[in-house]
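K.L.:
I am attaching a structure below and will ask some questions about it afterwards.
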Amino acid sequence: MIIKNRTVPDELILLRFIRTRIKVSEKTENQIISLKKGYDGEKRFDKRMINLSLDCLMINDLLLETNHTHYQIDSLLITQPKIHIFEVKNYEGDYLLDDDCLRLLSGKEIKNPLIQLSRSVSLFRQLLQQHRMNFSVEGHLVFINPECYLYQASPDLPIIFPTQLERFIKQLNTQSSKLNGKHQGLANKLLASHIKDSPYSLLPEYSYDEMEKGIVCVRCGNLDMSDSGQTKTIICKTCGFVEDKEVAILRSVQEFSLLFPDQKITTNTLYDWCKIIKSKKTIRKILQKNYKHVRLGNSSYFE
């Protein structure tokens with residue numbers, strides 16, 4: 001049973017919002033590509049893990065803190081025999097493992113995910129000790145991309161290659177597993193301990209004034225939506241996508257709130273942010289319908 005689904009990383013969502021409205025550096029572009037690739041790999045892993053049939057609990061995208069140290073767990077599986085921690089990598093190409101060093105065949109060294117996995121497992125065990133919970137823990141590094149090959153990988157390393165994943169799942173399914181209240185209690189503690197705001201997020205500097213205003217098309221991603229003012233829909237001049245006006249405005253409110261969490265939502269602000277909506281009255285009605293109207297002296301805002 002999945003008790004915490006995987007979602008698109010907030011960092012990736014924010015970076016895409018920023019890139020749509022201002023010109024970003026090559027470093028930021030590469031950051032978006034890397035985050036997207038990692039998320040795609042994790043979703044591919046999730047599709048394979050659907051074949052699990054034993055009594056278990058799956059928690060995805062956990063960000064925890066133990067002894068003042070943060071660590072990310074891509075997927076955590078609670079079964080009766082033990083807890084499995086999965087570090088999922090969507091690498092492609094040829095790599096060489098030389099002692100603790102992981103290199104491309106070109107010689108460029110990259111961060112070794114085995115070290116990252118070992119650190120996460122160690123910190124998680126410490127977390128269990130702090131809560132006086134006695135569970136066996138095992139870590140796995142999953143290379144999910146079939147286009148990845150790792151030279152000099154010892155068979156005793158905790159690595160699961162794409163061709164081995166199905167066999168691993170079948171082995172899990174053959175185990176006897178009957179969860180009890182202690183397992184559910186652990187799951188509840190982990191969900192309560194999950195940190196929502198990642199300290200790892202690296203966003204470029206941006207300001208409201210420098211950002212291009214308008215409504216982003218959900219189909220093509222361009223800021224080319226147009227409002228005739230005569231209908232309840234808006235249309236993208238680039239790809240022809242038609243969207244309900246209220247849905248588009250509410251989506252723009254969410255985007256604005258993520259980009260500028262300290263700024264209040266007002267009719268004037270959203271009228272300027274959306275830019276293309278002909279009537280300020282339309283925005284006010286939609287905000288009044290979907291948000292709480294807070295009056296503060298002569299001014300007001302929505303929350």
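If you're wondering about the labels, chains in the structure tokens are A, B, ... by order shown, residues count from 1 in each chain, ligands from 1 in order shown.
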Give me the residues near region 184-195 of chain A as a PyMOL selection string, where near means some atom within 9 Å (using only C-alpha atoms) and where sequence neighbours in that chain fewer than 2 positions away do not count.

P.N.:
chain A and resi 3-4+57-59+61-65+78+128+133+179-182+197-198

K.L.:
Can you pull out every residue within 12 Å of Met49 (chain A), counting only C-alpha atoms, but drop anything in the same chain fewer than 4 positions away, and send it as a list in words?

P.N.:
Met1, Ile2, Glu42, Lys43, Arg44, Phe45, Ser53, Leu54, Cys56, Leu57, Met58, Ile59, Asn60, Ser75, Leu76, Leu77, Phe86, Val142, Ile144, Leu165, Glu166, Arg167, Phe168, Ile169, Lys170, Leu172 and Asn173 of chain A

K.L.:
Mind writing the picked residues with C-alpha atoms as a PDB file, in the first residue's frame?

P.N.:
ATOM      1  CA  MET A   1       0.000   0.000   0.000  1.00  0.00           C
ATOM      2  CA  ILE A   2       1.368   3.427  -0.963  1.00  0.00           C
ATOM      3  CA  GLU A  42      11.721   7.532  -9.913  1.00  0.00           C
ATOM      4  CA  LYS A  43       8.347   7.321 -11.690  1.00  0.00           C
ATOM      5  CA  ARG A  44       9.705   4.459 -13.799  1.00  0.00           C
ATOM      6  CA  PHE A  45      10.723   2.708 -10.575  1.00  0.00           C
ATOM      7  CA  SER A  53       1.774  -8.084  -3.662  1.00  0.00           C
ATOM      8  CA  LEU A  54       3.030  -8.699  -0.103  1.00  0.00           C
ATOM      9  CA  CYS A  56       3.709  -3.674   2.963  1.00  0.00           C
ATOM     10  CA  LEU A  57       3.706   0.108   3.213  1.00  0.00           C
ATOM     11  CA  MET A  58       5.483   2.326   0.670  1.00  0.00           C
ATOM     12  CA  ILE A  59       6.519   5.911   1.413  1.00  0.00           C
ATOM     13  CA  ASN A  60       7.982   8.010  -1.409  1.00  0.00           C
ATOM     14  CA  SER A  75      11.436   5.275  -1.606  1.00  0.00           C
ATOM     15  CA  LEU A  76      11.044   3.451   1.681  1.00  0.00           C
ATOM     16  CA  LEU A  77       9.324   0.067   1.879  1.00  0.00           C
ATOM     17  CA  PHE A  86      15.837   2.666  -2.207  1.00  0.00           C
ATOM     18  CA  VAL A 142      18.628   1.010  -8.121  1.00  0.00           C
ATOM     19  CA  ILE A 144      16.585   2.112 -13.366  1.00  0.00           C
ATOM     20  CA  LEU A 165      14.540  -5.497 -10.544  1.00  0.00           C
ATOM     21  CA  GLU A 166      11.750  -7.862 -11.586  1.00  0.00           C
ATOM     22  CA  ARG A 167      13.531 -10.776  -9.908  1.00  0.00           C
ATOM     23  CA  PHE A 168      14.010  -8.681  -6.755  1.00  0.00           C
ATOM     24  CA  ILE A 169      10.278  -7.878  -6.656  1.00  0.00           C
ATOM     25  CA  LYS A 170       9.406 -11.559  -7.067  1.00  0.00           C
ATOM     26  CA  LEU A 172       9.981  -9.857  -1.987  1.00  0.00           C
ATOM     27  CA  ASN A 173       6.578 -11.278  -2.904  1.00  0.00           C
TER      28      ASN A 173
END

K.L.:
Which of these, A:Tyr291, A:Tyr301, A:Tyr208, A:Tyr91, has the shortest distance to Ser34 (chain A) once you count only C-alpha atoms?

P.N.:
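With only C-alpha atoms as the atom set, the closest residue is A:Tyr91.
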
K.L.:
Would you list the contacts of His140 (chain A) as a short mmCIF file (atom, residue, chain, number, x, y, z; two decimals) with N, CA, C and O atoms, in the first residue's frame, taking every protein, DNA or RNA residue within 12 Å and counting only C-alpha atoms, but skipping same-chain residues closer than 5 positions in sequence?

P.N.:
data_model
loop_
_atom_site.label_atom_id
_atom_site.label_comp_id
_atom_site.auth_asym_id
_atom_site.auth_seq_id
_atom_site.Cartn_x
_atom_site.Cartn_y
_atom_site.Cartn_z
N ILE A 73 15.22 10.28 1.08
CA ILE A 73 14.99 8.87 0.75
C ILE A 73 14.01 8.82 -0.41
O ILE A 73 12.87 9.29 -0.30
N ASP A 74 14.45 8.28 -1.54
CA ASP A 74 13.58 8.24 -2.72
C ASP A 74 12.35 7.38 -2.47
O ASP A 74 11.23 7.77 -2.78
N SER A 75 12.55 6.17 -1.94
CA SER A 75 11.44 5.27 -1.61
C SER A 75 11.81 4.44 -0.39
O SER A 75 12.94 3.97 -0.29
N LEU A 76 10.85 4.27 0.49
CA LEU A 76 11.04 3.45 1.68
C LEU A 76 9.92 2.43 1.76
O LEU A 76 8.75 2.79 1.68
N LEU A 77 10.29 1.17 1.86
CA LEU A 77 9.32 0.07 1.88
C LEU A 77 9.35 -0.61 3.24
O LEU A 77 10.39 -1.11 3.68
N ILE A 83 12.94 -3.20 6.72
CA ILE A 83 12.66 -1.96 6.01
C ILE A 83 13.67 -1.83 4.88
O ILE A 83 14.87 -2.00 5.09
N HIS A 84 13.19 -1.53 3.69
CA HIS A 84 14.05 -1.37 2.52
C HIS A 84 14.10 0.10 2.14
O HIS A 84 13.06 0.75 1.97
N ILE A 85 15.31 0.61 1.98
CA ILE A 85 15.52 1.99 1.53
C ILE A 85 16.08 1.95 0.12
O ILE A 85 17.08 1.27 -0.15
N PHE A 86 15.44 2.68 -0.80
CA PHE A 86 15.84 2.67 -2.21
C PHE A 86 16.37 4.04 -2.63
O PHE A 86 15.69 5.05 -2.44
N GLU A 87 17.55 4.03 -3.18
CA GLU A 87 18.13 5.21 -3.84
C GLU A 87 18.06 4.93 -5.34
O GLU A 87 18.68 3.99 -5.83
N VAL A 88 17.26 5.72 -6.07
CA VAL A 88 17.00 5.45 -7.48
C VAL A 88 17.79 6.43 -8.35
O VAL A 88 17.72 7.65 -8.15
N LYS A 89 18.55 5.89 -9.30
CA LYS A 89 19.32 6.72 -10.21
C LYS A 89 18.94 6.41 -11.66
O LYS A 89 18.88 5.25 -12.05
N PRO A 113 26.70 7.40 -5.64
CA PRO A 113 25.41 7.20 -4.94
C PRO A 113 25.47 6.11 -3.87
O PRO A 113 24.61 6.07 -3.00
N LEU A 114 26.46 5.22 -3.94
CA LEU A 114 26.61 4.21 -2.89
C LEU A 114 26.94 4.86 -1.55
O LEU A 114 26.47 4.42 -0.50
N ILE A 115 27.76 5.91 -1.60
CA ILE A 115 28.09 6.64 -0.38
C ILE A 115 26.85 7.37 0.15
O ILE A 115 26.58 7.38 1.35
N GLN A 116 26.10 7.94 -0.77
CA GLN A 116 24.86 8.62 -0.41
C GLN A 116 23.88 7.65 0.23
O GLN A 116 23.24 7.95 1.25
N LEU A 117 23.76 6.45 -0.33
CA LEU A 117 22.86 5.43 0.21
C LEU A 117 23.31 4.99 1.60
O LEU A 117 22.50 4.88 2.53
N SER A 118 24.61 4.74 1.75
CA SER A 118 25.14 4.31 3.05
C SER A 118 24.87 5.36 4.13
O SER A 118 24.52 5.02 5.26
N SER A 120 22.39 7.58 4.15
CA SER A 120 20.95 7.60 4.45
C SER A 120 20.56 6.44 5.35
O SER A 120 19.78 6.60 6.30
N VAL A 121 21.08 5.25 5.07
CA VAL A 121 20.76 4.07 5.87
C VAL A 121 21.27 4.25 7.30
O VAL A 121 20.57 3.94 8.27
N ASP A 156 28.61 -8.28 -4.49
CA ASP A 156 28.16 -8.13 -3.11
C ASP A 156 27.72 -6.69 -2.78
O ASP A 156 27.30 -6.41 -1.66
N LEU A 157 27.81 -5.78 -3.75
CA LEU A 157 27.34 -4.41 -3.51
C LEU A 157 25.81 -4.37 -3.55
O LEU A 157 25.18 -5.15 -4.28
N PRO A 158 25.19 -3.46 -2.79
CA PRO A 158 23.72 -3.40 -2.74
C PRO A 158 23.12 -2.70 -3.96
O PRO A 158 22.37 -1.73 -3.84
N ILE A 159 23.45 -3.21 -5.13
CA ILE A 159 23.01 -2.59 -6.39
C ILE A 159 21.99 -3.48 -7.08
O ILE A 159 22.16 -4.70 -7.15
N ILE A 160 20.93 -2.85 -7.58
CA ILE A 160 19.93 -3.55 -8.38
C ILE A 160 19.93 -2.91 -9.77
O ILE A 160 19.63 -1.72 -9.93
N PHE A 161 20.29 -3.70 -10.77
CA PHE A 161 20.29 -3.22 -12.15
C PHE A 161 18.90 -3.44 -12.77
O PHE A 161 18.10 -4.23 -12.25
N GLN A 164 17.56 -6.85 -13.09
CA GLN A 164 17.42 -7.60 -11.83
C GLN A 164 16.20 -7.17 -11.02
O GLN A 164 15.83 -7.86 -10.06
N LEU A 165 15.60 -6.06 -11.38
CA LEU A 165 14.54 -5.50 -10.54
C LEU A 165 13.32 -6.40 -10.46
O LEU A 165 12.74 -6.60 -9.38
N PHE A 168 14.01 -9.18 -8.14
CA PHE A 168 14.01 -8.68 -6.75
C PHE A 168 12.58 -8.56 -6.23
O PHE A 168 12.29 -8.93 -5.09
#

K.L.:
Between A:His70, A:Arg295, A:Lys280, A:Lys27, which has the minimum distance to Phe124 (chain A) (counting only C-alpha atoms)?

P.N.:
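Using only C-alpha atoms, Phe124 (chain A) sits closest to A:His70.
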
K.L.:
So what do you get for CA of Glu147 (chain A) versus CA of Thr28 (chain A), distance-wise?

P.N.:
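If I compute the distance from CA of Glu147 (chain A) to CA of Thr28 (chain A), I get 25.3 Å.
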
K.L.:
Of the candidates A:Val216, A:Leu52, A:Leu141, A:Leu202, which one gets nearest to Leu12 (chain A) if we count only C-alpha atoms?

P.N.:
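Among the listed residues, the smallest separation from Leu12 (chain A) belongs to A:Leu202.
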
K.L.:
Please provide as a PyMOL selection string all residues within 9 Å of Glu303 (chain A), with the sequence filter that same-chain residues fewer than 4 positions apart are discarded (counting only C-alpha atoms).

P.N.:
chain A and resi 264-265+291-294

K.L.:
Tell me, as an MDAnalysis selection string, which residues lie within 8 Å of Lys178 (chain A), counting only C-alpha atoms; anything in the same chain fewer than 5 positions away does not count.

P.N.:
chainID A and resid 55:56 79:80
